[in-house]
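The next block is query22.cif, given as mmCIF, C-alpha atoms and all ligand atoms.
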data_my_file
#
loop_
_atom_site.group_PDB
_atom_site.id
_atom_site.type_symbol
_atom_site.label_atom_id
_atom_site.label_comp_id
_atom_site.auth_asym_id
_atom_site.auth_seq_id
_atom_site.Cartn_x
_atom_site.Cartn_y
_atom_site.Cartn_z
ATOM 1 C CA MET T 1 6.797 -21.942 -7.243
ATOM 2 C CA THR T 2 3.875 -20.154 -8.923
ATOM 3 C CA ILE T 3 1.781 -17.349 -7.476
ATOM 4 C CA GLU T 4 -1.125 -19.806 -7.132
ATOM 5 C CA GLU T 5 1.040 -22.203 -5.082
ATOM 6 C CA ALA T 6 2.355 -19.361 -2.926
ATOM 7 C CA LEU T 7 -1.157 -18.071 -2.263
ATOM 8 C CA THR T 8 -2.447 -21.548 -1.396
ATOM 9 C CA GLN T 9 0.457 -22.076 1.021
ATOM 10 C CA LEU T 10 -0.368 -18.747 2.664
ATOM 11 C CA GLY T 11 -3.994 -19.784 3.192
ATOM 12 C CA VAL T 12 -5.779 -18.165 0.241
ATOM 13 C CA SER T 13 -8.623 -20.123 -1.354
ATOM 14 C CA ASP T 14 -11.543 -19.369 -3.668
ATOM 15 C CA ALA T 15 -13.637 -18.806 -0.540
ATOM 16 C CA THR T 16 -11.351 -16.164 0.998
ATOM 17 C CA LEU T 17 -13.352 -13.327 -0.572
ATOM 18 C CA THR T 18 -17.110 -13.183 -0.939
ATOM 19 C CA ALA T 19 -18.771 -12.287 -4.237
ATOM 20 C CA GLU T 20 -19.782 -8.956 -2.688
ATOM 21 C CA GLU T 21 -16.157 -8.201 -1.722
ATOM 22 C CA ARG T 22 -14.961 -8.933 -5.263
ATOM 23 C CA GLN T 23 -17.680 -6.678 -6.613
ATOM 24 C CA ARG T 24 -16.575 -3.806 -4.370
ATOM 25 C CA LEU T 25 -13.012 -4.165 -5.663
ATOM 26 C CA ASP T 26 -14.213 -4.210 -9.272
ATOM 27 C CA GLU T 27 -16.653 -1.320 -8.992
ATOM 28 C CA ASP T 28 -15.229 0.959 -6.288
ATOM 29 C CA GLY T 29 -11.555 0.020 -6.621
ATOM 30 C CA TYR T 30 -11.160 -0.618 -2.886
ATOM 31 C CA LEU T 31 -12.408 -2.858 -0.100
ATOM 32 C CA ILE T 32 -12.520 -2.251 3.652
ATOM 33 C CA PHE T 33 -11.831 -4.993 6.223
ATOM 34 C CA PRO T 34 -12.778 -3.647 9.680
ATOM 35 C CA ASP T 35 -11.052 -5.304 12.681
ATOM 36 C CA LEU T 36 -8.584 -7.279 10.572
ATOM 37 C CA ILE T 37 -5.821 -6.596 13.115
ATOM 38 C CA ASP T 38 -6.544 -8.022 16.573
ATOM 39 C CA PRO T 39 -5.816 -5.778 19.585
ATOM 40 C CA VAL T 40 -2.637 -7.593 20.707
ATOM 41 C CA TRP T 41 -1.083 -7.509 17.237
ATOM 42 C CA LEU T 42 -2.187 -3.890 16.784
ATOM 43 C CA LYS T 43 -0.373 -2.846 19.950
ATOM 44 C CA ALA T 44 2.760 -4.720 18.846
ATOM 45 C CA LEU T 45 2.660 -2.997 15.437
ATOM 46 C CA GLN T 46 2.183 0.430 17.048
ATOM 47 C CA ASP T 47 5.045 -0.166 19.473
ATOM 48 C CA ARG T 48 7.427 -1.334 16.754
ATOM 49 C CA PHE T 49 6.459 1.618 14.537
ATOM 50 C CA ASP T 50 7.363 4.045 17.308
ATOM 51 C CA ALA T 51 10.533 2.211 18.289
ATOM 52 C CA LEU T 52 11.756 2.406 14.671
ATOM 53 C CA LEU T 53 10.950 6.122 14.445
ATOM 54 C CA ALA T 54 12.977 6.722 17.597
ATOM 55 C CA GLU T 55 15.833 4.451 16.545
ATOM 56 C CA GLU T 56 16.187 5.711 12.959
ATOM 57 C CA GLY T 57 15.569 9.412 13.565
ATOM 58 C CA GLU T 58 16.539 11.570 10.568
ATOM 59 C CA ARG T 59 17.264 8.597 8.331
ATOM 60 C CA ALA T 60 13.826 6.972 8.759
ATOM 61 C CA GLY T 61 12.250 6.203 5.380
ATOM 62 C CA THR T 62 15.370 6.769 3.316
ATOM 63 C CA GLU T 63 15.451 3.292 1.751
ATOM 64 C CA VAL T 64 12.461 4.457 -0.354
ATOM 65 C CA HIS T 65 11.793 8.150 0.230
ATOM 66 C CA GLN T 66 11.069 10.830 2.771
ATOM 67 C CA GLU T 67 8.145 13.255 2.511
ATOM 68 C CA ALA T 68 7.909 16.713 4.080
ATOM 69 C CA GLY T 69 5.204 16.953 6.754
ATOM 70 C CA THR T 70 5.221 13.218 7.441
ATOM 71 C CA ARG T 71 7.200 10.596 9.273
ATOM 72 C CA ARG T 72 7.976 7.666 7.031
ATOM 73 C CA LEU T 73 9.464 4.193 7.556
ATOM 74 C CA SER T 74 10.668 1.738 4.911
ATOM 75 C CA ASP T 75 11.981 -1.800 4.516
ATOM 76 C CA LEU T 76 9.637 -3.041 7.225
ATOM 77 C CA MET T 77 9.895 -6.682 6.163
ATOM 78 C CA ASN T 78 13.448 -6.570 7.538
ATOM 79 C CA LYS T 79 12.596 -4.694 10.721
ATOM 80 C CA GLY T 80 10.594 -7.096 12.825
ATOM 81 C CA ALA T 81 8.774 -10.422 12.666
ATOM 82 C CA VAL T 82 5.696 -8.505 13.799
ATOM 83 C CA PHE T 83 5.329 -7.234 10.194
ATOM 84 C CA ASP T 84 5.523 -10.697 8.561
ATOM 85 C CA GLY T 85 1.773 -11.207 8.804
ATOM 86 C CA CYS T 86 0.986 -7.921 7.060
ATOM 87 C CA TYR T 87 2.276 -8.501 3.539
ATOM 88 C CA THR T 88 1.298 -12.215 3.715
ATOM 89 C CA HIS T 89 -2.239 -11.847 5.089
ATOM 90 C CA PRO T 90 -4.572 -14.204 3.153
ATOM 91 C CA LYS T 91 -7.460 -11.752 2.867
ATOM 92 C CA VAL T 92 -5.177 -9.011 1.629
ATOM 93 C CA LEU T 93 -3.445 -11.361 -0.810
ATOM 94 C CA ALA T 94 -6.761 -12.644 -2.157
ATOM 95 C CA ALA T 95 -7.879 -9.060 -2.789
ATOM 96 C CA ILE T 96 -4.563 -8.087 -4.382
ATOM 97 C CA HIS T 97 -4.727 -11.134 -6.666
ATOM 98 C CA HIS T 98 -8.294 -10.305 -7.597
ATOM 99 C CA ILE T 99 -7.202 -6.791 -8.597
ATOM 100 C CA LEU T 100 -4.037 -7.713 -10.492
ATOM 101 C CA GLN T 101 -5.348 -10.996 -11.995
ATOM 102 C CA SER T 102 -1.785 -12.084 -12.681
ATOM 103 C CA ASP T 103 1.529 -13.092 -11.134
ATOM 104 C CA PHE T 104 2.718 -10.412 -8.684
ATOM 105 C CA LYS T 105 5.238 -9.635 -5.946
ATOM 106 C CA VAL T 106 5.647 -7.275 -3.031
ATOM 107 C CA SER T 107 6.947 -3.894 -4.193
ATOM 108 C CA ALA T 108 7.631 -2.335 -0.776
ATOM 109 C CA MET T 109 6.316 -2.125 2.775
ATOM 110 C CA ASN T 110 6.445 1.420 4.134
ATOM 111 C CA GLY T 111 4.962 3.261 7.100
ATOM 112 C CA ARG T 112 3.549 6.793 6.965
ATOM 113 C CA GLU T 113 2.365 9.254 9.576
ATOM 114 C CA PRO T 114 1.350 12.836 8.733
ATOM 115 C CA VAL T 115 2.258 15.308 11.468
ATOM 116 C CA GLN T 116 -0.020 18.185 12.466
ATOM 117 C CA GLY T 117 -0.446 20.508 9.453
ATOM 118 C CA GLY T 118 1.216 18.008 7.095
ATOM 119 C CA GLY T 119 0.242 15.032 4.963
ATOM 120 C CA PHE T 120 -1.637 16.623 2.098
ATOM 121 C CA GLN T 121 -0.999 15.009 -1.285
ATOM 122 C CA ALA T 122 -2.329 15.897 -4.748
ATOM 123 C CA TRP T 123 -4.581 13.331 -6.402
ATOM 124 C CA HIS T 124 -2.419 10.593 -7.834
ATOM 125 C CA GLU T 125 -2.290 6.951 -8.745
ATOM 126 C CA ASP T 126 0.748 4.868 -7.842
ATOM 127 C CA TRP T 127 1.986 4.380 -11.369
ATOM 128 C CA ASN T 128 4.261 6.475 -13.544
ATOM 129 C CA GLU T 129 1.619 9.172 -13.731
ATOM 130 C CA ALA T 130 2.265 9.877 -10.086
ATOM 131 C CA PHE T 131 5.600 11.379 -10.943
ATOM 132 C CA PHE T 132 5.449 12.818 -14.457
ATOM 133 C CA ASP T 133 2.973 15.136 -16.084
ATOM 134 C CA SER T 134 2.822 13.855 -19.659
ATOM 135 C CA PRO T 135 2.757 10.395 -21.281
ATOM 136 C CA GLU T 136 6.021 11.233 -23.090
ATOM 137 C CA GLN T 137 7.798 11.710 -19.779
ATOM 138 C CA ASN T 138 6.414 8.579 -18.210
ATOM 139 C CA GLN T 139 9.351 6.282 -17.958
ATOM 140 C CA TRP T 140 9.088 4.890 -14.461
ATOM 141 C CA ASN T 141 8.830 1.121 -14.759
ATOM 142 C CA GLY T 142 8.801 1.471 -18.522
ATOM 143 C CA ALA T 143 5.106 1.242 -19.215
ATOM 144 C CA TYR T 144 2.617 4.010 -19.788
ATOM 145 C CA ARG T 145 -0.774 2.624 -18.893
ATOM 146 C CA GLU T 146 -4.035 3.335 -20.711
ATOM 147 C CA PRO T 147 -7.344 2.809 -18.862
ATOM 148 C CA ASP T 148 -8.073 -0.483 -20.650
ATOM 149 C CA ASP T 149 -4.648 -1.973 -19.926
ATOM 150 C CA PRO T 150 -4.205 -4.519 -17.097
ATOM 151 C CA PHE T 151 -3.797 -3.205 -13.572
ATOM 152 C CA TYR T 152 -0.174 -3.164 -12.458
ATOM 153 C CA VAL T 153 -0.209 -2.050 -8.811
ATOM 154 C CA ALA T 154 -2.302 -2.571 -5.678
ATOM 155 C CA ILE T 155 -1.790 -1.548 -2.062
ATOM 156 C CA SER T 156 -3.123 -2.195 1.422
ATOM 157 C CA LEU T 157 -3.514 0.459 4.117
ATOM 158 C CA TRP T 158 -3.124 -0.889 7.651
ATOM 159 C CA MET T 159 -4.620 1.658 10.030
ATOM 160 C CA LEU T 160 -2.643 1.664 13.291
ATOM 161 C CA ASP T 161 -4.699 4.603 14.601
ATOM 162 C CA ASP T 162 -8.272 5.719 13.977
ATOM 163 C CA PHE T 163 -8.535 7.507 10.613
ATOM 164 C CA THR T 164 -10.903 10.437 11.237
ATOM 165 C CA GLU T 165 -12.293 13.474 9.405
ATOM 166 C CA THR T 166 -9.539 15.624 10.882
ATOM 167 C CA ASN T 167 -6.311 13.640 11.219
ATOM 168 C CA GLY T 168 -5.331 13.180 7.578
ATOM 169 C CA ALA T 169 -7.374 10.171 6.422
ATOM 170 C CA THR T 170 -6.784 9.079 2.817
ATOM 171 C CA ARG T 171 -9.244 10.392 0.213
ATOM 172 C CA VAL T 172 -10.257 8.376 -2.863
ATOM 173 C CA VAL T 173 -12.557 8.746 -5.868
ATOM 174 C CA PRO T 174 -14.532 5.465 -6.095
ATOM 175 C CA GLY T 175 -14.422 3.958 -9.592
ATOM 176 C CA SER T 176 -11.546 6.161 -10.788
ATOM 177 C CA HIS T 177 -9.231 3.151 -11.279
ATOM 178 C CA ARG T 178 -10.935 2.848 -14.666
ATOM 179 C CA TRP T 179 -10.180 6.456 -15.687
ATOM 180 C CA ARG T 180 -7.128 8.171 -17.073
ATOM 181 C CA ALA T 181 -4.689 9.486 -14.498
ATOM 182 C CA PRO T 182 -5.783 12.622 -12.600
ATOM 183 C CA GLN T 183 -3.348 15.048 -14.218
ATOM 184 C CA PHE T 184 -5.003 14.407 -17.580
ATOM 185 C CA GLU T 185 -8.474 15.026 -16.176
ATOM 186 C CA MET T 186 -8.143 17.723 -13.498
ATOM 187 C CA ALA T 187 -6.820 21.253 -13.898
ATOM 188 C CA ASP T 188 -5.915 21.387 -10.219
ATOM 189 C CA ARG T 189 -4.997 18.078 -8.628
ATOM 190 C CA ARG T 190 -5.150 19.593 -5.171
ATOM 191 C CA ALA T 191 -8.830 20.519 -5.533
ATOM 192 C CA ASP T 192 -11.728 18.571 -4.068
ATOM 193 C CA HIS T 193 -13.452 16.110 -6.394
ATOM 194 C CA PRO T 194 -17.278 15.953 -6.359
ATOM 195 C CA LYS T 195 -17.215 12.162 -5.899
ATOM 196 C CA GLN T 196 -14.434 11.955 -3.319
ATOM 197 C CA VAL T 197 -14.774 9.777 -0.223
ATOM 198 C CA LEU T 198 -12.658 9.992 2.928
ATOM 199 C CA LEU T 199 -11.474 6.573 4.135
ATOM 200 C CA THR T 200 -12.183 6.849 7.831
ATOM 201 C CA GLY T 201 -12.018 3.797 10.085
ATOM 202 C CA LYS T 202 -11.032 2.405 13.448
ATOM 203 C CA ALA T 203 -7.482 1.366 14.279
ATOM 204 C CA GLY T 204 -7.214 -2.271 13.204
ATOM 205 C CA THR T 205 -9.000 -1.661 9.890
ATOM 206 C CA VAL T 206 -7.271 -2.653 6.653
ATOM 207 C CA VAL T 207 -8.210 -1.218 3.257
ATOM 208 C CA VAL T 208 -7.095 -2.953 0.074
ATOM 209 C CA MET T 209 -6.998 -0.615 -2.874
ATOM 210 C CA ASN T 210 -6.344 -0.776 -6.577
ATOM 211 C CA SER T 211 -3.387 1.652 -6.779
ATOM 212 C CA HIS T 212 -4.650 3.067 -10.076
ATOM 213 C CA LEU T 213 -7.514 4.521 -8.032
ATOM 214 C CA TRP T 214 -7.206 8.294 -7.629
ATOM 215 C CA HIS T 215 -6.159 8.846 -4.030
ATOM 216 C CA GLY T 216 -4.055 10.972 -1.706
ATOM 217 C CA GLY T 217 -3.393 11.780 1.915
ATOM 218 C CA THR T 218 -5.222 14.766 3.439
ATOM 219 C CA THR T 219 -3.914 17.260 5.978
ATOM 220 C CA ASN T 220 -3.679 16.186 9.580
ATOM 221 C CA VAL T 221 -5.470 19.197 11.057
ATOM 222 C CA SER T 222 -6.094 17.898 14.571
ATOM 223 C CA GLY T 223 -2.615 16.502 15.184
ATOM 224 C CA ALA T 224 -4.047 13.197 16.456
ATOM 225 C CA ARG T 225 -1.791 10.330 15.481
ATOM 226 C CA ARG T 226 -2.482 8.625 12.142
ATOM 227 C CA ARG T 227 0.015 5.834 11.579
ATOM 228 C CA VAL T 228 -0.419 3.519 8.607
ATOM 229 C CA LEU T 229 1.479 0.617 7.062
ATOM 230 C CA HIS T 230 1.507 0.249 3.282
ATOM 231 C CA PRO T 231 2.249 -3.283 2.063
ATOM 232 C CA TYR T 232 2.362 -2.538 -1.669
ATOM 233 C CA TYR T 233 2.374 -4.977 -4.624
ATOM 234 C CA VAL T 234 3.308 -4.869 -8.313
ATOM 235 C CA ALA T 235 2.768 -7.126 -11.328
ATOM 236 C CA ARG T 236 5.748 -9.445 -11.347
ATOM 237 C CA GLN T 237 7.304 -8.251 -14.624
ATOM 238 C CA PHE T 238 7.997 -4.773 -13.209
ATOM 239 C CA ALA T 239 10.635 -3.405 -10.841
ATOM 240 C CA GLN T 240 9.881 -3.148 -7.121
ATOM 241 C CA GLN T 241 9.749 0.223 -5.377
ATOM 242 C CA GLU T 242 12.351 -1.225 -3.007
ATOM 243 C CA ASP T 243 14.672 -3.849 -4.489
ATOM 244 C CA GLN T 244 13.973 -6.639 -2.021
ATOM 245 C CA ARG T 245 16.888 -8.775 -3.140
ATOM 246 C CA ARG T 246 19.259 -5.944 -2.321
ATOM 247 C CA TYR T 247 17.835 -5.347 1.150
ATOM 248 C CA ILE T 248 16.808 -8.803 2.361
ATOM 249 C CA ARG T 249 18.642 -9.714 5.560
ATOM 250 C CA ARG T 250 19.733 -13.252 6.266
ATOM 251 C CA GLU T 251 17.682 -13.371 9.477
ATOM 252 C CA THR T 252 14.540 -12.344 7.552
ATOM 253 C CA TYR T 253 15.214 -14.855 4.790
ATOM 254 C CA GLU T 254 15.668 -17.671 7.268
ATOM 255 C CA ARG T 255 12.581 -16.718 9.300
ATOM 256 C CA ILE T 256 10.024 -16.432 6.499
ATOM 257 C CA SER T 257 8.343 -19.239 4.539
ATOM 258 C CA PRO T 258 9.174 -20.263 0.967
ATOM 259 C CA ALA T 259 5.882 -18.670 -0.117
ATOM 260 C CA ALA T 260 6.839 -15.374 1.525
ATOM 261 C CA ARG T 261 10.231 -15.528 -0.214
ATOM 262 C CA TYR T 262 8.391 -15.974 -3.502
ATOM 263 C CA LEU T 263 6.220 -12.932 -2.736
ATOM 264 C CA LEU T 264 9.306 -10.827 -2.023
ATOM 265 C CA ASP T 265 11.044 -12.289 -5.091
ATOM 266 C CA VAL T 266 14.125 -13.163 -3.050
ATOM 267 C CA GLU T 267 14.256 -16.925 -3.617
ATOM 268 C CA GLY T 268 17.855 -18.132 -3.565
ATOM 269 C CA ALA T 269 19.197 -14.893 -2.059
ATOM 270 C CA TYR T 270 21.053 -16.937 0.596
HETATM 271 O O1 LIG E 301 -1.078 7.360 3.669
HETATM 272 C C1 LIG E 301 -1.929 7.764 2.892
HETATM 273 O O2 LIG E 301 -2.950 8.330 3.261
HETATM 274 C C2 LIG E 301 -1.738 7.612 1.407
HETATM 275 C C3 LIG E 301 -0.316 7.733 1.017
HETATM 276 C C4 LIG E 301 -0.078 7.749 -0.454
HETATM 277 O O3 LIG E 301 -0.964 7.664 -1.263
HETATM 278 C C5 LIG E 301 1.299 7.847 -0.934
HETATM 279 O O4 LIG E 301 2.226 8.038 -0.126
HETATM 280 O O5 LIG E 301 1.501 7.758 -2.179
#
Written as C-alpha cells, that's how I'd like the structure from this file.
Ligand SMILES: O=C(O)CCC(=O)C(=O)O
Amino acid sequence: MTIEEALTQLGVSDATLTAEERQRLDEDGYLIFPDLIDPVWLKALQDRFDALLAEEGERAGTEVHQEAGTRRLSDLMNKGAVFDGCYTHPKVLAAIHHILQSDFKVSAMNGREPVQGGGFQAWHEDWNEAFFDSPEQNQWNGAYREPDDPFYVAISLWMLDDFTETNGATRVVPGSHRWRAPQFEMADRRADHPKQVLLTGKAGTVVVMNSHLWHGGTTNVSGARRRVLHPYYVARQFAQQEDQRRYIRRETYERISPAARYLLDVEGAY
C-alpha cells in the first residue's frame, strides 16, 4: 500500500480541502474545523476519556509520558473503537498530507487535560527542539531541522470541551512554522509573544496544526474542564512517539481497516 492508496481508501480526495483551507495551512500553519465532531460522537469520546482516567488512575499516560498539572492518556488507538475515526478522519488526513507533502504515519494518539492552575507550557515545536536547547544536543529522531527543510510532524487537536480564554486553551504564533525553533529566537520561552493567538473554540472543534508551529498549552485558571485528543503524525522515515507495532492489540488490528493499519505502520503485526 502507498500513502495515496491509504488516503483514498479512507475517503480523502483532491476536493477534501478547499483552496482557502490549504492557504490557511500554508500561511498560518493551522486550520480550524468547527463542528467536526457530531454531538453523539462527542459524548462518546468524553465518556470514554473519563472512564479511562478512572480506570488507569496513577498510570494514565505512562505509555508516552506524564506531565505535572495535567491528566494525560496514551495509546488511545488500543482503548476503544470510538477513537478509530479520529486518527483516520478524511479532513484531518487531507490537512496532514498537505502539511507533510510526503509519506507519513501516526506517531501517537494521546489525551490531555490541564487541571486548575496547571497546563502551562513554554513555547515549543514538536520536534527535537522541544527537548534540547542547542542544535548539537538535538538527537531525538536523528534530524536537526532548519527552517527550509521539509516539515516532519503535524498534529490535530480534538476539543472535547470548549476551549476558552481561561481554561488553558492552546496558544500559537501564526506563521512561525517557517521560523527557527523558539529557543533560538526568544530569551524567555514562557513570555507572551506579540503575535500570539489563543485557539479558543467550541467542543466538537478540531484544529489541524503544523507541529513546527510555535505553540504551547496555557494555564487553566478557571478550572473548567478542557479535554483534548491529540492524533499526531510523523514523516514515515522517522520513529513514532509511541511504537505502534509494540503496542497494537490483536483486537485493534482485527477491527481496523488495511488503510488504518498502514497509517499505524503495523501491517503484518498479526
Ligand atoms: O494540549 C495543548 O494545549 C497542547 C499540548 C502540547 O503542545 C504538548 O503537549 O506538547
_Residues contacting ligand LIG 301 (chain E) - anything with an atom at most 9 Å away, using all atoms listed in the file - can you give me those as number ranges by chain?_
T: 67, 110-114, 119-121, 123-126, 130, 157, 168-171, 199, 211, 214-218, 226-230
Store the residues of this selection in a file with C-alpha atoms, as an mmCIF file, keeping the file's coordinate frame.
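Writing the result to part_7.cif gives the following:
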data_model
loop_
_atom_site.group_PDB
_atom_site.id
_atom_site.type_symbol
_atom_site.label_atom_id
_atom_site.label_comp_id
_atom_site.auth_asym_id
_atom_site.auth_seq_id
_atom_site.Cartn_x
_atom_site.Cartn_y
_atom_site.Cartn_z
ATOM 1 C CA GLU T 67 8.145 13.255 2.511
ATOM 2 C CA ASN T 110 6.445 1.420 4.134
ATOM 3 C CA GLY T 111 4.962 3.261 7.100
ATOM 4 C CA ARG T 112 3.549 6.793 6.965
ATOM 5 C CA GLU T 113 2.365 9.254 9.576
ATOM 6 C CA PRO T 114 1.350 12.836 8.733
ATOM 7 C CA GLY T 119 0.242 15.032 4.963
ATOM 8 C CA PHE T 120 -1.637 16.623 2.098
ATOM 9 C CA GLN T 121 -0.999 15.009 -1.285
ATOM 10 C CA TRP T 123 -4.581 13.331 -6.402
ATOM 11 C CA HIS T 124 -2.419 10.593 -7.834
ATOM 12 C CA GLU T 125 -2.290 6.951 -8.745
ATOM 13 C CA ASP T 126 0.748 4.868 -7.842
ATOM 14 C CA ALA T 130 2.265 9.877 -10.086
ATOM 15 C CA LEU T 157 -3.514 0.459 4.117
ATOM 16 C CA GLY T 168 -5.331 13.180 7.578
ATOM 17 C CA ALA T 169 -7.374 10.171 6.422
ATOM 18 C CA THR T 170 -6.784 9.079 2.817
ATOM 19 C CA ARG T 171 -9.244 10.392 0.213
ATOM 20 C CA LEU T 199 -11.474 6.573 4.135
ATOM 21 C CA SER T 211 -3.387 1.652 -6.779
ATOM 22 C CA TRP T 214 -7.206 8.294 -7.629
ATOM 23 C CA HIS T 215 -6.159 8.846 -4.030
ATOM 24 C CA GLY T 216 -4.055 10.972 -1.706
ATOM 25 C CA GLY T 217 -3.393 11.780 1.915
ATOM 26 C CA THR T 218 -5.222 14.766 3.439
ATOM 27 C CA ARG T 226 -2.482 8.625 12.142
ATOM 28 C CA ARG T 227 0.015 5.834 11.579
ATOM 29 C CA VAL T 228 -0.419 3.519 8.607
ATOM 30 C CA LEU T 229 1.479 0.617 7.062
ATOM 31 C CA HIS T 230 1.507 0.249 3.282
#
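Nearest to Ala108 in chain T of all the residues T:Thr219, T:Gln241, T:Gln23, T:Ser257 is T:Gln241, based on all atoms listed in the file.
Distances to Leu198 in chain T were evaluated for T:Glu185, T:Glu165, T:Glu55, T:Asp149 using all atoms listed in the file, and the minimum falls at T:Glu165.
Here CA of Arg178 in chain T and CA of Val64 in chain T stand 27.5 Å from one another.
Counting only C-alpha atoms and comparing T:Ala203, T:Leu10, T:Val106, T:Ala68, the residue that lies closest to Pro39 in chain T is T:Ala203.
In terms of minimum interatomic distance to Ala122 in chain T, T:Pro182 ranks closest within T:Pro174, T:Pro147, T:Gly85, T:Pro182, counting only C-alpha atoms.
When all atoms listed in the file are used to measure the gap to Lys91 in chain T, the shortest distance among T:Phe33, T:Ser74, T:Glu58, T:Gln66 belongs to T:Phe33.
The space between CA of Asp84 in chain T and CA of Gly118 in chain T spans 29.1 Å.
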_Assuming the chain letters and numbering stay as they are in my file, what does the PyMOL selection byres (((chain T and resi 83) around 10) and not hetatm) actually select? List them as an MDAnalysis selection string._
chainID T and resid 41 44:45 48:49 76:82 84:88 109 229 231
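The shortest atom-to-atom distance to Val206 in chain T, with only C-alpha atoms taken into account, belongs to T:Asp35 out of T:Asp35, T:Asp14, T:Glu4, T:Glu21.
The two atoms in question, CA of Thr252 in chain T and CA of His89 in chain T, are spaced 17.0 Å apart.
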*For Ala259 in chain T, please output as a list of chain:residue names all residues within 12 Å (counting only C-alpha atoms; exclusion window: fewer than 3 positions along the same chain).*
T:Met1, T:Thr2, T:Ile3, T:Glu4, T:Glu5, T:Ala6, T:Leu7, T:Thr8, T:Gln9, T:Leu10, T:Gly11, T:Val12, T:Asp84, T:Tyr87, T:Thr88, T:His89, T:Pro90, T:Leu93, T:Lys105, T:Val106, T:Tyr253, T:Arg255, T:Ile256, T:Tyr262, T:Leu263, T:Leu264, T:Asp265, T:Val266, T:Glu267
*Could you write out as a VMD selection string the residues that the PyMOL selection byres (((chain T and resi 101) around 12) and not hetatm) matches in the shown file?*
chain T and resid 3 to 4 22 26 93 to 100 102 to 104 150 to 154 210 234 to 236
*What does the PyMOL selection byres (((chain T and resi 177) around 6) and not hetatm) select in this file, as an NGL selection string?*
:T and (175-176 or 178-179 or 212-213)
